[in-house]
file query-v6.cif (mmCIF, N, CA and C atoms and all ligand atoms)
data_my_file
loop_
_atom_site.label_atom_id
_atom_site.label_comp_id
_atom_site.auth_asym_id
_atom_site.auth_seq_id
_atom_site.Cartn_x
_atom_site.Cartn_y
_atom_site.Cartn_z
N MET T 337 167.54 167.29 101.23
CA MET T 337 167.29 166.69 99.91
C MET T 337 167.86 167.59 98.82
N ILE T 338 168.58 166.97 97.92
CA ILE T 338 169.20 167.73 96.84
C ILE T 338 168.25 167.78 95.65
N SER T 339 167.74 168.96 95.33
CA SER T 339 166.83 169.10 94.19
C SER T 339 167.59 169.63 92.99
N LEU T 340 167.44 168.95 91.89
CA LEU T 340 168.10 169.41 90.66
C LEU T 340 167.06 169.90 89.67
N ARG T 341 165.86 170.17 90.18
CA ARG T 341 164.77 170.55 89.28
C ARG T 341 164.88 171.98 88.78
N ASP T 342 165.36 172.87 89.65
CA ASP T 342 165.32 174.29 89.28
C ASP T 342 166.66 174.85 88.83
N VAL T 343 167.51 174.00 88.28
CA VAL T 343 168.80 174.50 87.83
C VAL T 343 168.69 174.95 86.36
N PRO T 344 169.44 175.99 85.98
CA PRO T 344 169.40 176.42 84.57
C PRO T 344 169.98 175.37 83.63
N LEU T 345 169.41 175.24 82.47
CA LEU T 345 169.86 174.23 81.51
C LEU T 345 170.24 174.88 80.18
N SER T 346 171.07 174.16 79.40
CA SER T 346 171.52 174.68 78.10
C SER T 346 170.73 174.07 76.94
N GLY T 347 170.10 172.92 77.20
CA GLY T 347 169.40 172.21 76.13
C GLY T 347 170.24 171.10 75.52
N ASP T 348 171.56 171.15 75.77
CA ASP T 348 172.44 170.09 75.28
C ASP T 348 172.52 169.02 76.37
N LYS T 349 172.15 167.79 76.01
CA LYS T 349 171.98 166.74 77.03
C LYS T 349 173.25 166.43 77.81
N LEU T 350 174.37 166.30 77.11
CA LEU T 350 175.62 165.95 77.81
C LEU T 350 176.08 167.11 78.70
N THR T 351 176.01 168.33 78.15
CA THR T 351 176.39 169.52 78.93
C THR T 351 175.56 169.61 80.20
N ASP T 352 174.25 169.39 80.08
CA ASP T 352 173.37 169.52 81.23
C ASP T 352 173.56 168.37 82.22
N TRP T 353 173.93 167.21 81.71
CA TRP T 353 174.22 166.09 82.62
C TRP T 353 175.43 166.43 83.48
N VAL T 354 176.50 166.95 82.84
CA VAL T 354 177.70 167.35 83.59
C VAL T 354 177.34 168.45 84.59
N PHE T 355 176.54 169.43 84.14
CA PHE T 355 176.16 170.54 85.02
C PHE T 355 175.43 170.03 86.26
N LYS T 356 174.48 169.12 86.05
CA LYS T 356 173.72 168.57 87.18
C LYS T 356 174.62 167.78 88.13
N GLN T 357 175.60 167.06 87.58
CA GLN T 357 176.56 166.36 88.44
C GLN T 357 177.32 167.36 89.31
N PHE T 358 177.74 168.47 88.69
CA PHE T 358 178.47 169.50 89.43
C PHE T 358 177.61 170.04 90.58
N ILE T 359 176.36 170.36 90.28
CA ILE T 359 175.48 170.92 91.30
C ILE T 359 175.23 169.89 92.40
N PHE T 360 175.11 168.63 91.99
CA PHE T 360 174.93 167.56 92.97
C PHE T 360 176.11 167.53 93.95
N PHE T 361 177.34 167.59 93.42
CA PHE T 361 178.52 167.61 94.30
C PHE T 361 178.52 168.84 95.20
N ILE T 362 178.25 169.99 94.58
CA ILE T 362 178.32 171.26 95.32
C ILE T 362 177.34 171.27 96.48
N ARG T 363 176.17 170.70 96.27
CA ARG T 363 175.14 170.76 97.31
C ARG T 363 175.33 169.70 98.39
N ARG T 364 176.26 168.79 98.17
CA ARG T 364 176.53 167.81 99.23
C ARG T 364 177.25 168.50 100.37
N GLU T 365 176.91 168.09 101.57
CA GLU T 365 177.50 168.73 102.75
C GLU T 365 178.97 168.40 102.92
N THR T 366 179.47 167.46 102.13
CA THR T 366 180.87 167.05 102.28
C THR T 366 181.81 167.81 101.34
N LEU T 367 181.27 168.69 100.51
CA LEU T 367 182.13 169.49 99.63
C LEU T 367 182.18 170.94 100.12
N TYR T 368 183.38 171.43 100.30
CA TYR T 368 183.58 172.80 100.78
C TYR T 368 184.30 173.59 99.69
N ILE T 369 183.84 174.81 99.46
CA ILE T 369 184.51 175.70 98.51
C ILE T 369 185.00 176.90 99.30
N LYS T 370 186.29 177.21 99.16
CA LYS T 370 186.81 178.39 99.84
C LYS T 370 187.74 179.18 98.93
N ARG T 371 187.97 180.43 99.30
CA ARG T 371 188.86 181.31 98.55
C ARG T 371 190.01 181.71 99.45
N LYS T 372 191.19 181.77 98.84
CA LYS T 372 192.39 182.06 99.60
C LYS T 372 193.35 182.85 98.72
N LYS T 373 193.96 183.89 99.29
CA LYS T 373 194.80 184.77 98.48
C LYS T 373 196.16 184.15 98.13
N ARG T 374 196.76 183.46 99.05
CA ARG T 374 198.08 182.88 98.80
C ARG T 374 197.94 181.38 98.66
N LEU T 375 197.70 180.94 97.40
CA LEU T 375 197.48 179.52 97.17
C LEU T 375 198.65 178.98 96.35
N LEU T 376 199.46 178.14 97.00
CA LEU T 376 200.66 177.62 96.36
C LEU T 376 200.54 176.13 96.14
N ASN T 377 201.22 175.66 95.11
CA ASN T 377 201.18 174.23 94.79
C ASN T 377 201.91 173.43 95.87
N PRO T 378 201.18 172.58 96.62
CA PRO T 378 201.82 171.83 97.70
C PRO T 378 202.76 170.74 97.19
N ASN T 379 202.60 170.35 95.91
CA ASN T 379 203.41 169.26 95.37
C ASN T 379 204.63 169.75 94.59
N ASP T 380 204.85 171.05 94.60
CA ASP T 380 205.92 171.62 93.80
C ASP T 380 206.92 172.29 94.74
N LYS T 381 208.18 171.89 94.61
CA LYS T 381 209.17 172.43 95.55
C LYS T 381 209.41 173.93 95.34
N HIS T 382 209.03 174.44 94.15
CA HIS T 382 209.18 175.87 93.90
C HIS T 382 207.98 176.65 94.47
N HIS T 383 206.95 175.90 94.87
CA HIS T 383 205.75 176.49 95.46
C HIS T 383 205.17 177.62 94.60
N CYS T 384 204.93 177.29 93.33
CA CYS T 384 204.34 178.27 92.42
C CYS T 384 202.88 178.51 92.81
N ALA T 385 202.39 179.72 92.50
CA ALA T 385 200.98 180.03 92.74
C ALA T 385 200.14 179.21 91.77
N ILE T 386 199.00 178.71 92.24
CA ILE T 386 198.11 177.95 91.38
C ILE T 386 196.71 178.57 91.40
N ARG T 387 195.92 178.25 90.35
CA ARG T 387 194.57 178.82 90.22
C ARG T 387 193.62 178.23 91.25
N GLY T 388 193.76 176.92 91.46
CA GLY T 388 192.85 176.26 92.37
C GLY T 388 193.39 174.93 92.79
N LEU T 389 192.71 174.35 93.78
CA LEU T 389 193.18 173.07 94.33
C LEU T 389 191.96 172.26 94.76
N MET T 390 191.98 170.98 94.40
CA MET T 390 190.92 170.08 94.86
C MET T 390 191.59 169.08 95.77
N ASP T 391 191.25 169.11 97.05
CA ASP T 391 191.91 168.27 98.02
C ASP T 391 190.97 167.17 98.52
N PRO T 392 191.19 165.94 98.05
CA PRO T 392 190.31 164.84 98.48
C PRO T 392 190.87 164.12 99.71
N GLU T 393 191.84 164.73 100.36
CA GLU T 393 192.60 164.05 101.40
C GLU T 393 191.73 163.52 102.54
N PHE T 394 190.69 164.28 102.89
CA PHE T 394 189.86 163.88 104.03
C PHE T 394 188.56 163.27 103.55
N GLU T 395 188.65 162.48 102.49
CA GLU T 395 187.47 161.85 101.93
C GLU T 395 186.66 161.16 103.04
N PRO T 396 185.34 161.25 103.10
CA PRO T 396 184.46 161.80 102.07
C PRO T 396 184.39 163.32 102.01
N LYS T 397 185.11 164.03 102.87
CA LYS T 397 185.09 165.48 102.78
C LYS T 397 186.06 165.92 101.69
N ILE T 398 185.58 166.77 100.79
CA ILE T 398 186.43 167.26 99.71
C ILE T 398 186.44 168.79 99.77
N GLU T 399 187.61 169.35 99.59
CA GLU T 399 187.74 170.79 99.68
C GLU T 399 188.25 171.35 98.35
N ILE T 400 187.57 172.37 97.84
CA ILE T 400 188.05 173.08 96.65
C ILE T 400 188.48 174.46 97.11
N THR T 401 189.72 174.81 96.81
CA THR T 401 190.21 176.14 97.16
C THR T 401 190.50 176.91 95.88
N ILE T 402 189.99 178.13 95.81
CA ILE T 402 190.19 178.97 94.64
C ILE T 402 191.09 180.14 95.02
N ASN T 403 192.09 180.38 94.19
CA ASN T 403 193.01 181.49 94.46
C ASN T 403 192.27 182.81 94.23
N SER T 404 192.19 183.64 95.25
CA SER T 404 191.43 184.89 95.14
C SER T 404 192.31 186.10 94.81
N ALA T 405 193.60 185.85 94.56
CA ALA T 405 194.50 186.96 94.21
C ALA T 405 194.11 187.53 92.85
N LYS T 406 194.08 188.86 92.76
CA LYS T 406 193.68 189.53 91.51
C LYS T 406 194.66 189.22 90.36
N SER T 407 195.91 188.90 90.70
CA SER T 407 196.90 188.58 89.67
C SER T 407 196.63 187.21 89.04
N VAL T 408 195.82 186.39 89.72
CA VAL T 408 195.50 185.05 89.22
C VAL T 408 194.14 185.04 88.54
N HIS T 409 193.13 185.58 89.23
CA HIS T 409 191.79 185.72 88.66
C HIS T 409 191.41 187.19 88.74
N ALA T 410 191.23 187.82 87.60
CA ALA T 410 190.91 189.25 87.58
C ALA T 410 189.53 189.52 88.18
N ASN T 411 188.61 188.56 88.04
CA ASN T 411 187.25 188.75 88.55
C ASN T 411 186.60 187.39 88.82
N ARG T 412 185.36 187.45 89.30
CA ARG T 412 184.68 186.21 89.69
C ARG T 412 184.31 185.33 88.49
N ASN T 413 184.18 185.93 87.29
CA ASN T 413 183.94 185.11 86.10
C ASN T 413 185.12 184.19 85.84
N GLU T 414 186.32 184.66 86.11
CA GLU T 414 187.50 183.82 85.94
C GLU T 414 187.60 182.78 87.06
N GLU T 415 187.11 183.14 88.24
CA GLU T 415 187.11 182.17 89.34
C GLU T 415 186.17 181.00 89.03
N VAL T 416 185.07 181.29 88.31
CA VAL T 416 184.13 180.22 87.93
C VAL T 416 184.83 179.20 87.03
N GLU T 417 185.69 179.69 86.13
CA GLU T 417 186.42 178.77 85.24
C GLU T 417 187.26 177.79 86.05
N THR T 418 187.87 178.29 87.11
CA THR T 418 188.67 177.41 87.97
C THR T 418 187.79 176.46 88.76
N LEU T 419 186.62 176.95 89.20
CA LEU T 419 185.69 176.05 89.90
C LEU T 419 185.27 174.90 88.97
N ILE T 420 185.00 175.22 87.69
CA ILE T 420 184.65 174.19 86.70
C ILE T 420 185.79 173.18 86.58
N HIS T 421 187.02 173.69 86.53
CA HIS T 421 188.19 172.82 86.43
C HIS T 421 188.28 171.87 87.63
N GLU T 422 188.13 172.40 88.82
CA GLU T 422 188.27 171.56 90.03
C GLU T 422 187.12 170.56 90.13
N LEU T 423 185.91 170.96 89.70
CA LEU T 423 184.78 170.03 89.69
C LEU T 423 185.02 168.90 88.68
N CYS T 424 185.69 169.21 87.57
CA CYS T 424 186.06 168.17 86.60
C CYS T 424 186.96 167.13 87.25
N HIS T 425 187.85 167.58 88.15
CA HIS T 425 188.73 166.64 88.83
C HIS T 425 187.92 165.66 89.69
N ILE T 426 186.80 166.11 90.22
CA ILE T 426 185.95 165.22 91.04
C ILE T 426 185.16 164.29 90.13
N LEU T 427 184.53 164.86 89.10
CA LEU T 427 183.67 164.06 88.22
C LEU T 427 184.49 163.06 87.38
N PHE T 428 185.61 163.54 86.87
CA PHE T 428 186.49 162.68 86.06
C PHE T 428 187.72 162.32 86.89
N TRP T 429 187.45 161.63 87.97
CA TRP T 429 188.46 161.20 88.94
C TRP T 429 189.60 160.46 88.24
N LYS T 430 190.84 160.73 88.63
CA LYS T 430 192.02 160.04 88.10
C LYS T 430 192.31 160.37 86.63
N THR T 431 191.65 161.37 86.11
CA THR T 431 191.94 161.78 84.73
C THR T 431 193.10 162.76 84.76
N GLN T 432 194.00 162.62 83.79
CA GLN T 432 195.21 163.44 83.83
C GLN T 432 194.92 164.93 83.58
N GLU T 433 195.83 165.74 84.08
CA GLU T 433 195.67 167.20 84.09
C GLU T 433 195.35 167.77 82.70
N ARG T 434 196.05 167.29 81.68
CA ARG T 434 195.85 167.83 80.34
C ARG T 434 194.40 167.60 79.86
N SER T 435 193.87 166.42 80.13
CA SER T 435 192.49 166.12 79.72
C SER T 435 191.48 166.92 80.54
N ILE T 436 191.79 167.13 81.81
CA ILE T 436 190.91 167.96 82.65
C ILE T 436 190.88 169.37 82.09
N TRP T 437 192.05 169.87 81.70
CA TRP T 437 192.13 171.22 81.15
C TRP T 437 191.31 171.33 79.86
N GLN T 438 191.39 170.30 79.01
CA GLN T 438 190.61 170.30 77.77
C GLN T 438 189.11 170.28 78.07
N THR T 439 188.71 169.46 79.03
CA THR T 439 187.30 169.37 79.42
C THR T 439 186.81 170.71 79.96
N GLU T 440 187.65 171.34 80.78
CA GLU T 440 187.32 172.66 81.32
C GLU T 440 187.02 173.64 80.19
N ARG T 441 187.91 173.68 79.19
CA ARG T 441 187.76 174.63 78.07
C ARG T 441 186.47 174.36 77.29
N ILE T 442 186.13 173.09 77.09
CA ILE T 442 184.90 172.73 76.37
C ILE T 442 183.68 173.18 77.16
N LEU T 443 183.69 172.90 78.47
CA LEU T 443 182.52 173.22 79.30
C LEU T 443 182.32 174.73 79.42
N ILE T 444 183.41 175.49 79.45
CA ILE T 444 183.28 176.96 79.53
C ILE T 444 182.53 177.47 78.30
N LYS T 445 182.77 176.84 77.14
CA LYS T 445 182.05 177.23 75.92
C LYS T 445 180.61 176.72 75.92
N LYS T 446 180.40 175.53 76.47
CA LYS T 446 179.08 174.88 76.40
C LYS T 446 178.08 175.39 77.44
N PHE T 447 178.56 175.71 78.66
CA PHE T 447 177.65 176.20 79.69
C PHE T 447 177.11 177.58 79.29
N THR T 448 175.84 177.82 79.57
CA THR T 448 175.26 179.13 79.29
C THR T 448 175.71 180.12 80.38
N LYS T 449 175.48 181.41 80.12
CA LYS T 449 175.82 182.43 81.12
C LYS T 449 175.06 182.15 82.42
N GLU T 450 173.80 181.73 82.30
CA GLU T 450 172.98 181.44 83.49
C GLU T 450 173.58 180.28 84.29
N GLN T 451 174.08 179.28 83.58
CA GLN T 451 174.69 178.14 84.28
C GLN T 451 175.97 178.58 85.00
N LYS T 452 176.77 179.42 84.33
CA LYS T 452 178.01 179.88 84.96
C LYS T 452 177.70 180.80 86.15
N ASP T 453 176.66 181.63 86.01
CA ASP T 453 176.26 182.49 87.13
C ASP T 453 175.76 181.65 88.31
N PHE T 454 175.07 180.56 87.98
CA PHE T 454 174.56 179.67 89.03
C PHE T 454 175.73 179.05 89.80
N LEU T 455 176.75 178.58 89.06
CA LEU T 455 177.94 178.04 89.71
C LEU T 455 178.64 179.12 90.54
N LYS T 456 178.68 180.35 90.00
CA LYS T 456 179.33 181.47 90.68
C LYS T 456 178.70 181.72 92.05
N SER T 457 177.39 181.49 92.15
CA SER T 457 176.68 181.79 93.39
C SER T 457 177.14 180.89 94.54
N PHE T 458 177.86 179.83 94.23
CA PHE T 458 178.36 178.94 95.28
C PHE T 458 179.79 179.29 95.72
N ILE T 459 180.42 180.25 95.04
CA ILE T 459 181.76 180.67 95.43
C ILE T 459 181.60 181.73 96.51
N PRO T 460 182.16 181.50 97.70
CA PRO T 460 182.00 182.49 98.78
C PRO T 460 182.67 183.81 98.41
N HIS T 461 182.24 184.88 99.07
CA HIS T 461 182.85 186.18 98.82
C HIS T 461 184.05 186.42 99.73
N HIS T 462 184.01 185.82 100.91
CA HIS T 462 185.10 186.08 101.86
C HIS T 462 186.30 185.18 101.56
N GLU T 463 187.43 185.60 102.10
CA GLU T 463 188.67 184.83 101.94
C GLU T 463 189.05 184.22 103.28
N VAL T 464 189.68 183.06 103.21
CA VAL T 464 190.19 182.45 104.44
C VAL T 464 191.71 182.61 104.48
N LYS T 465 192.25 182.54 105.67
CA LYS T 465 193.71 182.66 105.83
C LYS T 465 194.39 181.32 105.50
N ASN T 466 193.75 180.22 105.93
CA ASN T 466 194.35 178.90 105.71
C ASN T 466 193.41 177.94 105.01
ZN ZN T 501 193.87 170.53 87.62
#
call {"tool": "encode", "arguments": {"input": "query-v6.cif", "output": "structure tokens"}}
result
Amino acid sequence: MISLRDVPLSGDKLTDWVFKQFIFFIRRETLYIKRKKRLLNPNDKHHCAIRGLMDPEFEPKIEITINSAKSVHANRNEEVETLIHELCHILFWKTQERSIWQTERILIKKFTKEQKDFLKSFIPHHEVKN
């Protein structure tokens, strides 16, 4: 059972609604979060490094991969920003990249430190090879 009773709140209704949606997705057994050092854009022939990736390919299983390279994210606080971005892709399905990026920036300002720390607790510490 997914309980959303004990999650930290900001007091802003829309912010907290989005936060609860994120936690709901994260706690579902079909969402996986992993960290990987060499994360390249699969859709780009130049294979540039990317911050994160949300792969809905095996729906209902969804995988979020966060680039764990220090050159991409200096610390776990920066990794949380990418997790917020990838969760926006799930919540605001089919929304274009630019709007997702804008939403990410708004939420980073709106979420409290406790909310961001709570999200951080779901990012694994270990890295995977693939
Ligand atoms: Zn994106």
call {"tool": "closest_atom_pairs", "arguments": {"input": "query-v6.cif", "of": "range 339-413 of chain T", "to": "range 420-444 of chain T", "cutoff": "10 Å", "atoms": "only C-alpha atoms", "output": "tab-separated table"}}
result
residue	atom	partner	partner_atom	distance
T:Thr351	CA	T:Leu443	CA	7.2
T:Val354	CA	T:Leu427	CA	8.2
T:Phe355	CA	T:Leu443	CA	9.0
T:Gln357	CA	T:Leu427	CA	7.5
T:Phe358	CA	T:Leu423	CA	6.3
T:Ile359	CA	T:Leu423	CA	9.5
T:Phe361	CA	T:Leu423	CA	8.1
T:Ile362	CA	T:Leu423	CA	8.7
T:Arg387	CA	T:His421	CA	9.5
T:Gly388	CA	T:Glu422	CA	7.0
T:Leu389	CA	T:Glu422	CA	6.7
T:Met390	CA	T:Glu422	CA	5.7
T:Asp391	CA	T:Glu422	CA	9.4
T:Pro392	CA	T:Ile426	CA	8.6
T:Ile398	CA	T:Ile426	CA	8.9
T:Glu399	CA	T:Glu422	CA	9.7
T:Ile400	CA	T:Glu422	CA	6.8
T:Thr401	CA	T:Glu422	CA	8.7
T:Ile402	CA	T:Glu422	CA	8.9
call {"tool": "atom_distance", "arguments": {"input": "query-v6.cif", "atom1": "atom C of Pro378 in chain T", "atom2": "CA of Val416 in chain T"}}
result
22.9 Å
call {"tool": "closest_residue", "arguments": {"input": "query-v6.cif", "among": "T:Ile459, T:Phe360, T:Leu419, T:Asp380", "to": "ligand ZN 501 (chain T)", "atoms": "only C-alpha atoms and all ligand atoms"}}
result
T:Leu419
call {"tool": "closest_residue", "arguments": {"input": "query-v6.cif", "among": "T:Asn377, T:Asn411, T:Asn403, T:Gln451", "to": "Val343 in chain T", "atoms": "only C-alpha atoms"}}
result
T:Gln451
call {"tool": "atom_distance", "arguments": {"input": "query-v6.cif", "atom1": "atom N of Lys446 in chain T", "atom2": "CA of Glu415 in chain T"}}
result
16.0 Å
call {"tool": "atom_distance", "arguments": {"input": "query-v6.cif", "atom1": "atom N of Lys445 in chain T", "atom2": "atom N of Tyr368 in chain T"}}
result
23.8 Å
call {"tool": "closest_residue", "arguments": {"input": "query-v6.cif", "among": "T:Ser339, T:Glu450, T:Asp352, T:Lys406", "to": "Arg364 in chain T", "atoms": "only C-alpha atoms"}}
result
T:Ser339
call {"tool": "residues_around", "arguments": {"input": "query-v6.cif", "residues": "Lys372 in chain T", "least_positions_apart": "4", "cutoff": "7 Å", "atoms": "only N, CA and C atoms", "output": "list of chain:residue names"}}
result
T:Thr401, T:Ile402, T:Asn403, T:Ser404, T:Ala405, T:His462, T:Glu463, T:Val464, T:Lys465, T:Asn466
